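Chemist: Dumping the structure here so I can ask a few things about it.
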Amino acid sequence: MSGQENVPDRLKALEDIEKMITAALNSAAQALQELGKERPVEKNLEKLTTSYIDNLEKVESQTLAQISYLTQVATSQHHEGSCYGVQKRVQLLRSAISEVENRVENMSIGGVHEQMDTR
């Protein structure tokens, strides 16, 4: 799977996290409204706070999954969408090839000069 195919899935996951955050905030707001009542219903409070905590746990686990993925991308570890490591290796190999070419050229020029000096 290429990195381009993975982008919509990553964006969808971030949208899902955003929806979970919204749901958690809604649960918290409803719980506060219930607490503001003259006679809050304990069963409603328990349901709303449980919903809030569940949503926060989902947000945490999904956010950690996204952070883990980004850490892999940033450290060039293998994952489905990364080409940074390969690009870096190609760049280093090109640099090494250029250095070898320069040394060979210098050796050739030096050999020509030595032959001229001996004549």
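Letters for chains follow the order of the structure tokens (A, B, ...), residue numbers begin at 1 for each chain, and ligand numbers begin at 1 in the order shown.
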Neighbours of Thr63 in chain A within 12 Å (only C-alpha atoms; same-chain residues fewer than 5 positions away dropped), as a compact mmCIF listing (two decimals) with N, CA, C and O atoms, in the first residue's frame?
Modeler:
# COMPACT_ATOMS: atom_id res chain seq x y z
N ARG A 10 -6.06 7.88 7.27
CA ARG A 10 -5.51 8.69 8.37
C ARG A 10 -6.42 9.89 8.66
O ARG A 10 -6.66 10.23 9.81
N ALA A 13 -9.51 8.71 10.45
CA ALA A 13 -9.22 8.42 11.86
C ALA A 13 -9.18 9.71 12.68
O ALA A 13 -9.70 9.76 13.80
N LEU A 14 -8.60 10.77 12.11
CA LEU A 14 -8.55 12.06 12.82
C LEU A 14 -9.95 12.66 12.97
O LEU A 14 -10.28 13.24 14.01
N GLU A 15 -10.78 12.50 11.95
CA GLU A 15 -12.17 12.98 12.04
C GLU A 15 -12.93 12.21 13.11
O GLU A 15 -13.72 12.80 13.87
N ASP A 16 -12.67 10.91 13.20
CA ASP A 16 -13.32 10.10 14.23
C ASP A 16 -12.91 10.55 15.63
O ASP A 16 -13.73 10.60 16.55
N ILE A 17 -11.63 10.87 15.79
CA ILE A 17 -11.15 11.37 17.08
C ILE A 17 -11.85 12.68 17.42
O ILE A 17 -12.28 12.90 18.56
N GLU A 18 -11.99 13.54 16.44
CA GLU A 18 -12.67 14.82 16.66
C GLU A 18 -14.12 14.58 17.11
O GLU A 18 -14.61 15.25 18.02
N MET A 20 -15.25 11.95 18.69
CA MET A 20 -15.21 11.42 20.05
C MET A 20 -15.00 12.53 21.07
O MET A 20 -15.58 12.51 22.15
N ILE A 21 -14.16 13.50 20.71
CA ILE A 21 -13.94 14.65 21.61
C ILE A 21 -15.23 15.43 21.78
O ILE A 21 -15.60 15.82 22.90
N ASN A 55 -15.63 7.93 26.29
CA ASN A 55 -15.19 8.72 25.14
C ASN A 55 -13.76 9.21 25.31
O ASN A 55 -12.98 9.21 24.36
N LEU A 56 -13.40 9.62 26.53
CA LEU A 56 -12.03 10.07 26.76
C LEU A 56 -11.03 8.94 26.57
O LEU A 56 -9.95 9.14 26.00
N GLU A 57 -11.40 7.73 27.00
CA GLU A 57 -10.50 6.59 26.83
C GLU A 57 -10.32 6.26 25.34
O GLU A 57 -9.22 5.94 24.90
N LYS A 58 -11.40 6.37 24.57
CA LYS A 58 -11.31 6.13 23.12
C LYS A 58 -10.42 7.20 22.47
O LYS A 58 -9.59 6.88 21.62
N SER A 68 1.88 7.23 17.47
CA SER A 68 2.78 6.11 17.18
C SER A 68 3.10 6.06 15.69
O SER A 68 4.26 5.89 15.29
N TYR A 69 2.09 6.22 14.87
CA TYR A 69 2.30 6.23 13.41
C TYR A 69 3.23 7.38 13.02
O TYR A 69 4.17 7.20 12.25
N LEU A 70 2.97 8.56 13.54
CA LEU A 70 3.80 9.73 13.20
C LEU A 70 5.23 9.55 13.69
O LEU A 70 6.17 9.99 13.03
Chemist: Restricting the calculation to only C-alpha atoms, which member of A:Val73, A:Ile109, A:Ala28, A:Val59 is positioned closest to Asn44 in chain A?
Modeler: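 For Asn44 in chain A, the nearest of the candidates is A:Ala28.
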